[in-house]
>>> print(open('upload-v8.tsv').read())   # TSV, C-alpha atoms
chain	number	residue	atom	x	y	z
A	1	MET	CA	29.75	21.18	-124.15
A	2	GLN	CA	29.35	24.85	-124.89
A	3	THR	CA	31.76	27.75	-124.87
A	4	ALA	CA	30.45	30.69	-122.88
A	5	ILE	CA	31.63	34.13	-121.83
A	6	GLY	CA	30.51	35.49	-118.46
A	7	LEU	CA	30.27	39.23	-117.76
A	8	MET	CA	30.07	40.57	-114.22
A	9	SER	CA	29.86	44.13	-112.92
A	10	GLY	CA	29.52	43.89	-109.16
A	11	THR	CA	28.23	46.07	-106.35
A	12	SER	CA	31.71	47.52	-105.82
A	13	LEU	CA	31.23	49.43	-109.12
A	14	ASP	CA	34.89	48.88	-109.97
A	15	GLY	CA	34.57	47.54	-113.51
A	16	ILE	CA	33.73	44.60	-115.77
A	17	ASP	CA	35.11	41.09	-115.31
A	18	VAL	CA	35.13	38.82	-118.37
A	19	ALA	CA	35.77	35.08	-118.23
A	20	LEU	CA	35.62	32.14	-120.64
A	21	LEU	CA	34.25	28.73	-119.69
A	22	ARG	CA	33.63	25.48	-121.51
A	23	THR	CA	30.94	23.54	-119.72
A	24	ASP	CA	27.92	21.31	-119.96
A	25	GLY	CA	26.27	23.35	-117.20
A	26	GLU	CA	26.65	20.45	-114.83
A	27	ALA	CA	29.80	18.69	-113.61
A	28	VAL	CA	32.15	19.50	-116.50
A	29	VAL	CA	33.94	22.83	-116.07
A	30	GLU	CA	36.96	23.88	-118.13
A	31	ARG	CA	38.11	27.34	-117.10
A	32	GLY	CA	39.65	29.62	-119.71
A	33	PRO	CA	41.24	33.08	-119.79
A	34	CYS	CA	39.82	36.15	-118.09
A	35	LEU	CA	40.03	39.92	-118.33
A	36	ALA	CA	39.32	42.84	-115.97
A	37	ARG	CA	38.25	46.19	-117.44
A	38	PRO	CA	38.14	48.89	-114.73
A	39	TYR	CA	35.69	51.76	-114.96
A	40	ASP	CA	37.11	55.26	-115.11
A	41	ALA	CA	36.36	57.54	-112.17
A	42	ALA	CA	33.79	59.60	-114.10
A	43	PHE	CA	31.71	56.57	-115.02
A	44	ARG	CA	31.92	55.21	-111.46
A	45	ARG	CA	30.43	58.49	-110.29
A	46	ARG	CA	27.62	58.12	-112.83
A	47	LEU	CA	26.90	54.62	-111.53
A	48	GLN	CA	26.84	55.94	-107.97
A	49	GLY	CA	24.30	58.49	-109.15
A	50	ALA	CA	22.32	55.67	-110.77
A	51	LEU	CA	22.00	53.99	-107.37
A	52	GLU	CA	20.32	57.12	-106.02
A	53	ALA	CA	18.05	57.52	-109.05
A	54	ALA	CA	17.02	53.87	-108.84
A	55	LYS	CA	15.51	54.37	-105.37
A	56	ALA	CA	12.48	55.85	-107.15
A	57	ILE	CA	11.82	52.63	-109.10
A	58	ASP	CA	8.78	50.58	-108.13
A	59	VAL	CA	8.31	48.77	-111.48
A	60	ARG	CA	11.30	46.90	-112.95
A	61	SER	CA	11.03	48.51	-116.38
A	62	GLN	CA	11.22	52.08	-115.07
A	63	ARG	CA	14.36	54.08	-115.85
A	64	PRO	CA	13.97	57.47	-114.13
A	65	GLY	CA	16.42	60.32	-114.62
A	66	GLU	CA	19.54	59.34	-116.53
A	67	LEU	CA	19.13	55.59	-115.99
A	68	ALA	CA	18.19	54.80	-119.61
A	69	GLU	CA	21.24	56.68	-120.89
A	70	ILE	CA	23.51	55.03	-118.30
A	71	GLU	CA	22.10	51.61	-119.16
A	72	ARG	CA	22.97	52.11	-122.81
A	73	GLU	CA	26.51	53.26	-122.04
A	74	LEU	CA	27.01	50.41	-119.58
A	75	THR	CA	25.92	47.90	-122.23
A	76	LEU	CA	28.20	49.40	-124.85
A	77	ARG	CA	31.11	49.21	-122.40
A	78	HIS	CA	30.35	45.52	-121.89
A	79	ALA	CA	30.31	45.00	-125.67
A	80	GLU	CA	33.70	46.68	-125.95
A	81	ALA	CA	35.02	44.45	-123.13
A	82	VAL	CA	33.87	41.38	-125.06
A	83	ARG	CA	35.56	42.58	-128.25
A	84	ALA	CA	38.80	43.31	-126.39
A	85	PHE	CA	38.66	39.88	-124.75
A	86	LEU	CA	38.11	38.10	-128.05
A	87	ASP	CA	40.89	40.06	-129.79
A	88	GLY	CA	43.29	39.47	-126.92
A	89	ASN	CA	42.76	35.72	-126.99
A	90	GLY	CA	42.68	35.11	-130.75
A	91	LEU	CA	38.94	34.35	-130.75
A	92	THR	CA	36.00	35.46	-132.86
A	93	ALA	CA	32.30	35.78	-132.08
A	94	SER	CA	31.65	32.50	-133.90
A	95	ASP	CA	33.79	30.68	-131.31
A	96	ILE	CA	31.37	31.61	-128.53
A	97	ASP	CA	27.98	29.97	-128.04
A	98	VAL	CA	26.53	32.35	-125.47
A	99	ILE	CA	27.26	35.31	-123.21
A	100	GLY	CA	26.00	35.31	-119.62
A	101	PHE	CA	25.31	39.01	-118.88
A	102	HIS	CA	24.77	40.07	-115.28
A	103	GLY	CA	24.41	43.81	-115.78
A	104	GLN	CA	24.70	46.33	-112.95
A	105	THR	CA	22.45	45.91	-109.94
A	106	VAL	CA	21.07	49.32	-108.96
A	107	LEU	CA	18.17	48.18	-106.75
A	108	HIS	CA	17.47	44.98	-104.85
A	109	ARG	CA	14.40	44.78	-102.61
A	110	PRO	CA	13.69	41.07	-102.14
A	111	ASN	CA	10.87	41.62	-99.66
A	112	ALA	CA	9.06	43.57	-102.37
A	113	GLY	CA	9.98	41.04	-105.08
A	114	LEU	CA	11.90	43.77	-106.90
A	115	THR	CA	15.37	43.58	-108.40
A	116	VAL	CA	16.78	45.82	-111.12
A	117	GLN	CA	19.94	45.20	-113.13
A	118	LEU	CA	20.87	47.77	-115.76
A	119	GLY	CA	21.86	46.08	-119.01
A	120	ASP	CA	20.25	45.79	-122.44
A	121	GLY	CA	20.57	42.16	-123.58
A	122	GLY	CA	19.31	42.90	-127.07
A	123	LEU	CA	21.83	45.69	-127.62
A	124	LEU	CA	24.67	43.53	-126.32
A	125	ALA	CA	23.69	40.67	-128.65
A	126	ARG	CA	23.61	42.99	-131.66
A	127	GLU	CA	26.90	44.67	-130.77
A	128	THR	CA	28.79	41.42	-130.20
A	129	GLY	CA	27.08	39.10	-132.69
A	130	ILE	CA	26.68	36.51	-129.91
A	131	ASP	CA	23.54	35.15	-128.23
A	132	VAL	CA	23.02	36.60	-124.75
A	133	VAL	CA	21.31	35.24	-121.64
A	134	TYR	CA	20.53	38.01	-119.15
A	135	ASP	CA	18.09	38.98	-116.35
A	136	MET	CA	18.77	35.75	-114.46
A	137	ARG	CA	17.51	36.85	-111.05
A	138	ALA	CA	13.91	37.81	-111.80
A	139	ASN	CA	12.34	34.37	-112.26
A	140	ASP	CA	13.63	33.26	-108.89
A	141	MET	CA	11.80	36.15	-107.24
A	142	VAL	CA	8.63	35.39	-109.20
A	143	HIS	CA	8.73	31.96	-107.55
A	144	GLY	CA	9.23	33.25	-104.02
A	145	GLY	CA	13.04	33.47	-103.87
A	146	GLN	CA	15.32	36.29	-102.77
A	147	GLY	CA	16.93	36.62	-106.20
A	148	ALA	CA	20.38	36.07	-104.67
A	149	PRO	CA	22.83	34.52	-104.39
A	150	LEU	CA	22.95	32.81	-107.81
A	151	ILE	CA	26.55	31.61	-107.80
A	152	PRO	CA	26.08	28.54	-105.53
A	153	ALA	CA	25.30	26.23	-108.44
A	154	TYR	CA	28.75	27.03	-109.82
A	155	HIS	CA	30.42	26.76	-106.42
A	156	ALA	CA	29.00	23.26	-106.08
A	157	ALA	CA	30.51	22.26	-109.43
A	158	LEU	CA	33.90	23.63	-108.35
A	159	ALA	CA	33.74	21.96	-104.95
A	160	ALA	CA	33.31	18.56	-106.59
A	161	GLY	CA	36.80	18.92	-108.06
A	162	LEU	CA	38.46	20.62	-105.09
A	163	SER	CA	41.52	18.72	-103.93
A	164	GLY	CA	41.81	18.18	-100.20
A	165	ALA	CA	38.12	18.93	-99.55
A	166	THR	CA	36.77	15.38	-99.71
A	167	GLY	CA	34.68	14.62	-96.64
A	168	LYS	CA	34.83	18.21	-95.40
A	169	ALA	CA	32.15	20.84	-95.18
A	170	VAL	CA	33.43	23.66	-97.40
A	171	VAL	CA	32.31	27.27	-97.60
A	172	PHE	CA	33.03	29.52	-100.57
A	173	VAL	CA	33.16	33.14	-99.43
A	174	ASN	CA	32.76	35.89	-102.00
A	175	ILE	CA	33.81	39.25	-100.58
A	176	GLY	CA	32.54	41.75	-103.11
A	177	GLY	CA	30.50	44.85	-102.33
A	178	ILE	CA	28.20	42.52	-100.39
A	179	SER	CA	29.66	39.28	-99.04
A	180	ASN	CA	27.94	35.95	-99.61
A	181	ILE	CA	28.71	32.39	-98.63
A	182	THR	CA	27.98	29.02	-100.19
A	183	PHE	CA	28.09	25.95	-97.96
A	184	ILE	CA	28.67	22.57	-99.56
A	185	GLY	CA	28.22	19.86	-96.96
A	186	ALA	CA	30.20	16.63	-96.81
A	187	GLY	CA	27.14	14.91	-98.30
A	188	GLY	CA	26.70	17.49	-101.06
A	189	ALA	CA	23.96	19.63	-99.47
A	190	ILE	CA	24.02	23.27	-100.66
A	191	VAL	CA	23.06	26.24	-98.49
A	192	ALA	CA	23.85	29.83	-99.48
A	193	PHE	CA	23.00	33.36	-98.47
A	194	ASP	CA	24.36	36.88	-98.25
A	195	SER	CA	26.50	37.12	-95.13
A	196	GLY	CA	26.74	40.88	-94.64
A	197	PRO	CA	28.60	43.97	-95.87
A	198	GLY	CA	31.73	43.22	-97.87
A	199	ASN	CA	33.89	45.95	-99.40
A	200	THR	CA	31.08	48.47	-99.82
A	201	LEU	CA	31.37	50.14	-96.42
A	202	ILE	CA	35.16	50.37	-96.58
A	203	ASP	CA	35.04	51.73	-100.13
A	204	GLN	CA	32.46	54.36	-99.21
A	205	TRP	CA	34.40	55.33	-96.09
A	206	VAL	CA	37.79	55.85	-97.74
A	207	GLU	CA	36.26	57.57	-100.76
A	208	ALA	CA	34.45	60.04	-98.53
A	209	HIS	CA	37.43	60.71	-96.24
A	210	ALA	CA	40.48	60.19	-98.46
A	211	GLY	CA	39.12	60.67	-101.99
A	212	ILE	CA	40.26	57.23	-103.15
A	213	PRO	CA	37.95	54.43	-104.37
A	214	TYR	CA	39.16	51.64	-102.04
A	215	ASP	CA	41.71	50.69	-99.39
A	216	GLN	CA	44.31	48.91	-101.51
A	217	GLY	CA	45.58	45.83	-99.71
A	218	GLY	CA	44.19	47.14	-96.41
A	219	MET	CA	47.00	49.71	-96.11
A	220	ILE	CA	44.81	52.34	-94.43
A	221	ALA	CA	43.14	49.81	-92.13
A	222	SER	CA	46.53	48.47	-91.06
A	223	GLU	CA	47.29	51.86	-89.49
A	224	GLY	CA	44.13	51.93	-87.38
A	225	ARG	CA	42.49	50.23	-84.41
A	226	VAL	CA	39.15	48.48	-84.10
A	227	ASP	CA	36.55	50.64	-82.33
A	228	PRO	CA	34.57	47.99	-80.40
A	229	GLY	CA	31.49	50.16	-79.96
A	230	LEU	CA	31.31	51.03	-83.64
A	231	ALA	CA	31.91	47.42	-84.66
A	232	GLU	CA	29.12	46.16	-82.43
A	233	ARG	CA	26.70	48.72	-83.88
A	234	TYR	CA	27.03	46.78	-87.12
A	235	LEU	CA	27.38	43.26	-85.73
A	236	ASN	CA	24.32	43.63	-83.47
A	237	HIS	CA	22.15	44.32	-86.51
A	238	ALA	CA	19.06	42.10	-86.60
A	239	PHE	CA	20.24	40.67	-89.94
A	240	PHE	CA	22.75	38.45	-88.14
A	241	THR	CA	20.28	36.91	-85.69
A	242	ASP	CA	17.19	36.66	-87.89
A	243	PRO	CA	16.62	32.95	-88.59
A	244	VAL	CA	15.26	33.85	-92.04
A	245	ARG	CA	18.19	34.51	-94.33
A	246	ARG	CA	17.67	37.30	-96.86
A	247	SER	CA	19.67	38.96	-99.61
A	248	LEU	CA	21.02	42.45	-99.10
A	249	ASP	CA	20.98	45.73	-100.97
A	250	ARG	CA	24.09	47.88	-100.59
A	251	ASN	CA	21.94	50.46	-98.78
A	252	ASP	CA	21.00	48.03	-95.98
A	253	PHE	CA	24.23	48.93	-94.18
A	254	ARG	CA	25.50	52.48	-94.30
A	255	PRO	CA	29.02	53.79	-93.62
A	256	PRO	CA	29.73	55.58	-90.32
A	257	GLU	CA	29.12	59.29	-89.98
A	258	GLY	CA	32.21	61.50	-90.27
A	259	PRO	CA	32.80	62.16	-86.55
A	260	ASP	CA	32.46	58.48	-85.62
A	261	ALA	CA	36.11	57.59	-86.24
A	262	SER	CA	39.38	58.67	-87.80
A	263	LEU	CA	40.09	57.57	-91.37
A	264	GLU	CA	42.36	54.74	-90.21
A	265	ASP	CA	40.21	53.56	-87.31
A	266	GLY	CA	37.10	53.62	-89.49
A	267	ALA	CA	38.78	51.50	-92.18
A	268	ARG	CA	40.18	49.10	-89.55
A	269	THR	CA	36.82	48.72	-87.83
A	270	LEU	CA	34.94	48.14	-91.08
A	271	ALA	CA	37.49	45.52	-92.16
A	272	HIS	CA	36.85	43.71	-88.88
A	273	VAL	CA	33.09	43.99	-89.42
A	274	THR	CA	33.45	42.43	-92.87
A	275	ALA	CA	35.33	39.43	-91.45
A	276	ALA	CA	33.20	39.02	-88.32
A	277	ALA	CA	29.97	39.25	-90.32
A	278	ILE	CA	30.99	36.16	-92.30
A	279	LEU	CA	31.51	34.10	-89.15
A	280	ARG	CA	28.32	35.38	-87.52
A	281	SER	CA	26.28	34.48	-90.57
A	282	ALA	CA	27.98	31.06	-90.72
A	283	ARG	CA	26.19	30.23	-87.45
A	284	HIS	CA	23.08	29.71	-89.57
A	285	LEU	CA	24.70	26.85	-91.54
A	286	PRO	CA	23.78	23.20	-90.90
A	287	GLU	CA	27.28	22.53	-89.54
A	288	ARG	CA	30.44	24.49	-88.91
A	289	PRO	CA	32.71	24.35	-91.97
A	290	LYS	CA	36.33	23.28	-91.77
A	291	LEU	CA	37.49	25.17	-94.85
A	292	TYR	CA	36.70	28.67	-96.10
A	293	VAL	CA	37.72	29.40	-99.71
A	294	VAL	CA	37.77	33.17	-100.25
A	295	CYS	CA	37.27	34.91	-103.59
A	296	GLY	CA	36.34	38.43	-104.65
A	297	GLY	CA	38.27	41.65	-104.17
A	298	GLY	CA	38.12	41.47	-100.38
A	299	ARG	CA	40.60	38.61	-100.33
A	300	LEU	CA	43.28	41.13	-101.35
A	301	ASN	CA	42.72	43.14	-98.16
A	302	ARG	CA	45.21	41.59	-95.76
A	303	VAL	CA	43.44	43.05	-92.71
A	304	ILE	CA	40.12	41.41	-93.62
A	305	MET	CA	41.88	38.13	-94.33
A	306	GLY	CA	43.88	38.27	-91.09
A	307	ASP	CA	40.76	38.84	-89.01
A	308	LEU	CA	38.84	36.15	-90.87
A	309	ALA	CA	41.66	33.62	-90.36
A	310	ALA	CA	41.93	34.44	-86.66
A	311	LEU	CA	38.18	34.16	-86.09
A	312	ALA	CA	37.96	30.90	-88.04
A	313	GLU	CA	40.87	29.44	-86.10
A	314	THR	CA	38.81	29.68	-82.91
A	315	GLU	CA	36.40	27.26	-84.59
A	316	ALA	CA	39.19	24.94	-85.85
A	317	ALA	CA	38.61	26.05	-89.43
A	318	GLU	CA	41.09	27.07	-92.11
A	319	VAL	CA	40.89	30.10	-94.42
A	320	VAL	CA	42.53	30.01	-97.86
A	321	THR	CA	42.34	32.17	-100.95
A	322	ALA	CA	40.85	30.75	-104.15
A	323	GLU	CA	44.33	30.75	-105.69
A	324	ALA	CA	45.59	28.40	-102.97
A	325	VAL	CA	43.26	25.72	-104.35
A	326	ASP	CA	44.00	26.49	-108.03
A	327	LEU	CA	40.97	28.72	-108.65
A	328	ASP	CA	40.80	32.38	-109.66
A	329	GLY	CA	39.32	34.64	-107.02
A	330	ASP	CA	38.94	37.57	-109.41
A	331	SER	CA	37.15	35.82	-112.26
A	332	MET	CA	34.97	33.35	-110.34
A	333	GLU	CA	31.82	35.47	-110.49
A	334	ALA	CA	32.20	36.06	-114.22
A	335	GLU	CA	32.86	32.33	-114.71
A	336	ALA	CA	29.68	31.64	-112.75
A	337	TRP	CA	27.63	33.81	-115.09
A	338	ALA	CA	28.97	31.87	-118.07
A	339	TYR	CA	28.06	28.61	-116.29
A	340	LEU	CA	24.58	29.86	-115.42
A	341	ALA	CA	23.96	30.98	-119.01
A	342	VAL	CA	24.58	27.43	-120.22
A	343	ARG	CA	22.32	26.04	-117.50
A	344	SER	CA	19.65	28.53	-118.57
A	345	LEU	CA	19.91	27.38	-122.20
A	346	ARG	CA	19.44	23.79	-121.04
A	347	GLY	CA	16.52	24.64	-118.73
A	348	LEU	CA	18.48	23.52	-115.66
A	349	PRO	CA	17.80	25.13	-112.28
A	350	LEU	CA	19.77	28.25	-111.40
A	351	THR	CA	18.46	28.53	-107.85
A	352	PHE	CA	17.31	26.18	-105.12
A	353	PRO	CA	15.33	26.32	-101.85
A	354	GLY	CA	18.58	26.17	-99.89
A	355	THR	CA	20.17	29.06	-101.75
A	356	THR	CA	17.56	31.76	-102.35
A	357	GLY	CA	14.55	30.37	-100.49
A	358	VAL	CA	12.70	29.72	-103.74
A	359	LYS	CA	9.89	27.19	-103.26
A	360	THR	CA	11.25	24.66	-105.76
A	361	PRO	CA	14.38	24.62	-107.97
A	362	VAL	CA	13.84	26.97	-110.90
A	363	SER	CA	15.68	28.01	-114.03
A	364	GLY	CA	15.67	31.56	-115.31
A	365	GLY	CA	17.19	34.10	-117.63
A	366	VAL	CA	16.08	35.71	-120.89
A	367	LEU	CA	17.66	34.52	-124.15
A	368	GLN	CA	18.36	37.18	-126.76
A	369	LYS	CA	19.43	35.76	-130.12
A	370	HIS	CA	21.95	37.98	-131.84
A	371	ALA	CA	20.40	37.54	-135.29
A	372	THR	CA	16.92	38.73	-134.36
A	373	GLY	CA	17.61	41.98	-132.53
A	374	ASP	CA	15.09	43.12	-129.95
>>> encode(input="upload-v8.tsv", output="structure tokens")
Amino acid sequence: MQTAIGLMSGTSLDGIDVALLRTDGEAVVERGPCLARPYDAAFRRRLQGALEAAKAIDVRSQRPGELAEIERELTLRHAEAVRAFLDGNGLTASDIDVIGFHGQTVLHRPNAGLTVQLGDGGLLARETGIDVVYDMRANDMVHGGQGAPLIPAYHAALAAGLSGATGKAVVFVNIGGISNITFIGAGGAIVAFDSGPGNTLIDQWVEAHAGIPYDQGGMIASEGRVDPGLAERYLNHAFFTDPVRRSLDRNDFRPPEGPDASLEDGARTLAHVTAAAILRSARHLPERPKLYVVCGGGRLNRVIMGDLAALAETEAAEVVTAEAVDLDGDSMEAEAWAYLAVRSLRGLPLTFPGTTGVKTPVSGGVLQKHATGD
């Protein structure tokens, strides 16, 4: 058993999630406390600028423009989040065996075998005095995988202890910036892939038209109507019918142009697209699931959840939040990175043919010992 901290900064660019886990990297999972550290508006804008600058990258080590400076600041913010977490929970660095550090994805081009996460593992190890495992996606891509999603190994461990799910096909749905799903069959088979746009389109829409970072609780969407033509422009995308599942970059789907809809109708339509995309992508699963367990920020948008529940009901399936089955929908991704860090230390696979399309199960990650520096 090892005690690990997971750090996640997702595609929504909203902040850093910190979570503690005690695990053997296999079936034993003891979940601990968690912490969310939101980014201030100025740093969010810098990260949005980093996404544009990163489009020029064609070699993973490149850091054009301000990317090197942003990477350093991002890493230092993660170090501060770790210190605040330890202080807040009466812990010290010596209580922690390893940090699983995701970093900030600024570019993901799986067809080109290219993925870039900002985050300096050596700097984080020195700042925190804790060993760090980072860069966990790259080895999967070296071996022919999409580099995402990585969380399914953790979902499978959680599903094994999920009450009321015995004998059912269960899907974990993570609605972050990009949504992804993990299918755990009644016999234990794992299939996972990105399912479509999550909160990214809604966030970009309301920020552009209302000057706010996201539609809290779906309040704006609840005042609008679904525009069927606009919705189908998204849902008819070849991504949903292509038999080859692939991981997405946040630029693969773009928000509507200004004249396409009112603020409220745009938010309502994009919330519907987020929900419908999950069900359309679920058609590629080996069997139709009976239970959808929803985590990530999107589960707090009541319009998305209402549409998802209504669509699932037509297939005799139930939709529940992670909290309804005694899990934490906010910290699950950070918990997963802690779990994956321990698996990496043990040389256990992080990804599988059924999750990323990698040819054989492979481990991954780079270990940075805190005592040795870079």
>>> atom_distance(input="upload-v8.tsv", atom1="atom CA of A:Arg77", atom2="atom CA of A:Pro38")
10.4 Å
>>> residues_around(input="upload-v8.tsv", residues="stretch 248-255 of chain A", least_positions_apart="6", cutoff="8 Å", atoms="only C-alpha atoms", output="number ranges by chain")
A: 11, 107-109, 177-178, 194, 196-197, 200-202, 204-205, 234
>>> write_last_selection(input="upload-v8.tsv", atoms="C-alpha atoms", output="CSV table (one decimal), in the coordinates of the input")
chain,number,residue,atom,x,y,z
A,11,THR,CA,28.2,46.1,-106.4
A,107,LEU,CA,18.2,48.2,-106.8
A,108,HIS,CA,17.5,45.0,-104.8
A,109,ARG,CA,14.4,44.8,-102.6
A,177,GLY,CA,30.5,44.8,-102.3
A,178,ILE,CA,28.2,42.5,-100.4
A,194,ASP,CA,24.4,36.9,-98.2
A,196,GLY,CA,26.7,40.9,-94.6
A,197,PRO,CA,28.6,44.0,-95.9
A,200,THR,CA,31.1,48.5,-99.8
A,201,LEU,CA,31.4,50.1,-96.4
A,202,ILE,CA,35.2,50.4,-96.6
A,204,GLN,CA,32.5,54.4,-99.2
A,205,TRP,CA,34.4,55.3,-96.1
A,234,TYR,CA,27.0,46.8,-87.1
>>> closest_residue(input="upload-v8.tsv", among="A:Leu67, A:Leu13, A:Ile151, A:Ala36", to="A:Asn199", atoms="only C-alpha atoms")
A:Leu13
>>> closest_residue(input="upload-v8.tsv", among="A:Glu127, A:Asp330, A:Asp87, A:Glu323", to="A:Gly298", atoms="only C-alpha atoms")
A:Asp330
>>> closest_residue(input="upload-v8.tsv", among="A:Gln117, A:Ser363, A:Thr321, A:Thr182", to="A:Pro289", atoms="all atoms listed in the file")
A:Thr182
>>> residues_near_point(input="upload-v8.tsv", point="(24.9, 45.1, -117.6)", cutoff="7 Å", atoms="all atoms listed in the file", output="NGL selection string")
:A and (9 or 74-75 or 78 or 101-104 or 117-120)
>>> write_last_selection(input="upload-v8.tsv", atoms="C-alpha atoms", output="mmCIF file, in the coordinates of the input")
data_model
loop_
_atom_site.group_PDB
_atom_site.id
_atom_site.type_symbol
_atom_site.label_atom_id
_atom_site.label_comp_id
_atom_site.auth_asym_id
_atom_site.auth_seq_id
_atom_site.Cartn_x
_atom_site.Cartn_y
_atom_site.Cartn_z
ATOM 1 C CA SER A 9 29.860 44.130 -112.920
ATOM 2 C CA LEU A 74 27.010 50.410 -119.580
ATOM 3 C CA THR A 75 25.920 47.900 -122.230
ATOM 4 C CA HIS A 78 30.350 45.520 -121.890
ATOM 5 C CA PHE A 101 25.310 39.010 -118.880
ATOM 6 C CA HIS A 102 24.770 40.070 -115.280
ATOM 7 C CA GLY A 103 24.410 43.810 -115.780
ATOM 8 C CA GLN A 104 24.700 46.330 -112.950
ATOM 9 C CA GLN A 117 19.940 45.200 -113.130
ATOM 10 C CA LEU A 118 20.870 47.770 -115.760
ATOM 11 C CA GLY A 119 21.860 46.080 -119.010
ATOM 12 C CA ASP A 120 20.250 45.790 -122.440
#
>>> closest_residue(input="upload-v8.tsv", among="A:Ile96, A:Ala322, A:Leu263, A:Ala54", to="A:Asp215", atoms="all atoms listed in the file")
A:Leu263
>>> residues_around(input="upload-v8.tsv", residues="A:Gln368", least_positions_apart="5", cutoff="10 Å", atoms="only C-alpha atoms", output="list in words")
Val98, Ile99, Asp120, Gly121, Gly122, Leu123, Leu124, Ala125, Arg126, Ile130, Asp131, Val132, Val133, Tyr134, Gly373 and Asp374 of chain A
>>> closest_residue(input="upload-v8.tsv", among="A:Asp203, A:Pro149, A:Leu35, A:Gly357", to="A:Leu86", atoms="only C-alpha atoms")
A:Leu35
>>> closest_residue(input="upload-v8.tsv", among="A:Gly218, A:Pro361, A:Pro243, A:Gly297", to="A:His284", atoms="all atoms listed in the file")
A:Pro243
>>> atom_distance(input="upload-v8.tsv", atom1="atom CA of A:Arg346", atom2="atom CA of A:Thr92")
23.5 Å
>>> residues_around(input="upload-v8.tsv", residues="stretch 335-337 of chain A", least_positions_apart="5", cutoff="9 Å", atoms="all atoms listed in the file", output="CSV table (one decimal) with C-alpha atoms, keeping the file's coordinate frame")
chain,number,residue,atom,x,y,z
A,4,ALA,CA,30.4,30.7,-122.9
A,5,ILE,CA,31.6,34.1,-121.8
A,6,GLY,CA,30.5,35.5,-118.5
A,7,LEU,CA,30.3,39.2,-117.8
A,8,MET,CA,30.1,40.6,-114.2
A,18,VAL,CA,35.1,38.8,-118.4
A,19,ALA,CA,35.8,35.1,-118.2
A,20,LEU,CA,35.6,32.1,-120.6
A,21,LEU,CA,34.2,28.7,-119.7
A,31,ARG,CA,38.1,27.3,-117.1
A,32,GLY,CA,39.6,29.6,-119.7
A,34,CYS,CA,39.8,36.2,-118.1
A,99,ILE,CA,27.3,35.3,-123.2
A,100,GLY,CA,26.0,35.3,-119.6
A,101,PHE,CA,25.3,39.0,-118.9
A,102,HIS,CA,24.8,40.1,-115.3
A,150,LEU,CA,23.0,32.8,-107.8
A,151,ILE,CA,26.6,31.6,-107.8
A,152,PRO,CA,26.1,28.5,-105.5
A,153,ALA,CA,25.3,26.2,-108.4
A,154,TYR,CA,28.8,27.0,-109.8
A,155,HIS,CA,30.4,26.8,-106.4
A,342,VAL,CA,24.6,27.4,-120.2
>>> residues_near_point(input="upload-v8.tsv", point="(40.0, 39.5, -91.7)", cutoff="9 Å", atoms="all atoms listed in the file", output="PyMOL selection string")
chain A and resi 271-276+299+301-311
>>> residues_around(input="upload-v8.tsv", residues="A:Glu52", least_positions_apart="4", cutoff="10 Å", atoms="all atoms listed in the file", output="JSON, numbers by chain")
{"A": [47, 48, 56, 65, 106, 107, 251]}
>>> atom_distance(input="upload-v8.tsv", atom1="atom CA of A:Ile278", atom2="atom CA of A:Gly187")
22.4 Å
>>> residues_around(input="upload-v8.tsv", residues="A:Val59", least_positions_apart="2", cutoff="9 Å", atoms="all atoms listed in the file", output="list in words")
Ile57, Ser61, Gln62, Leu114 and Val116 of chain A
>>> axis_aligned_box(input="upload-v8.tsv", around="stretch 201-206 of chain A", padding_each_side="8 Å", output="lines of an AutoDock Vina configuration file")
center_x = 34.6
center_y = 53.0
center_z = -98.1
size_x = 22.4
size_y = 21.7
size_z = 20.0
>>> build_atoms(input="upload-v8.tsv", residues="stretch 170-178 of chain A", atoms="N, CA and C atoms", output="PDB file, in the frame of the given file")
ATOM      1  N   VAL A 170      32.670  22.548 -96.820  1.00  0.00           N
ATOM      2  CA  VAL A 170      33.430  23.660 -97.400  1.00  0.00           C
ATOM      3  C   VAL A 170      32.514  24.856 -97.584  1.00  0.00           C
ATOM      4  N   VAL A 171      33.048  26.038 -97.317  1.00  0.00           N
ATOM      5  CA  VAL A 171      32.310  27.270 -97.600  1.00  0.00           C
ATOM      6  C   VAL A 171      33.116  28.118 -98.572  1.00  0.00           C
ATOM      7  N   PHE A 172      32.475  28.506 -99.681  1.00  0.00           N
ATOM      8  CA  PHE A 172      33.030  29.520-100.570  1.00  0.00           C
ATOM      9  C   PHE A 172      32.548  30.875-100.066  1.00  0.00           C
ATOM     10  N   VAL A 173      33.477  31.787 -99.879  1.00  0.00           N
ATOM     11  CA  VAL A 173      33.160  33.140 -99.430  1.00  0.00           C
ATOM     12  C   VAL A 173      33.495  34.106-100.553  1.00  0.00           C
ATOM     13  N   ASN A 174      32.501  34.850-101.003  1.00  0.00           N
ATOM     14  CA  ASN A 174      32.760  35.890-102.000  1.00  0.00           C
ATOM     15  C   ASN A 174      32.660  37.238-101.316  1.00  0.00           C
ATOM     16  N   ILE A 175      33.804  37.921-101.187  1.00  0.00           N
ATOM     17  CA  ILE A 175      33.810  39.250-100.580  1.00  0.00           C
ATOM     18  C   ILE A 175      33.854  40.272-101.691  1.00  0.00           C
ATOM     19  N   GLY A 176      32.682  40.663-102.154  1.00  0.00           N
ATOM     20  CA  GLY A 176      32.540  41.750-103.110  1.00  0.00           C
ATOM     21  C   GLY A 176      31.998  42.951-102.376  1.00  0.00           C
ATOM     22  N   GLY A 177      31.138  43.740-103.026  1.00  0.00           N
ATOM     23  CA  GLY A 177      30.500  44.850-102.330  1.00  0.00           C
ATOM     24  C   GLY A 177      29.692  44.336-101.145  1.00  0.00           C
ATOM     25  N   ILE A 178      28.900  43.301-101.415  1.00  0.00           N
ATOM     26  CA  ILE A 178      28.200  42.520-100.390  1.00  0.00           C
ATOM     27  C   ILE A 178      28.887  41.160-100.342  1.00  0.00           C
TER      28      ILE A 178
END
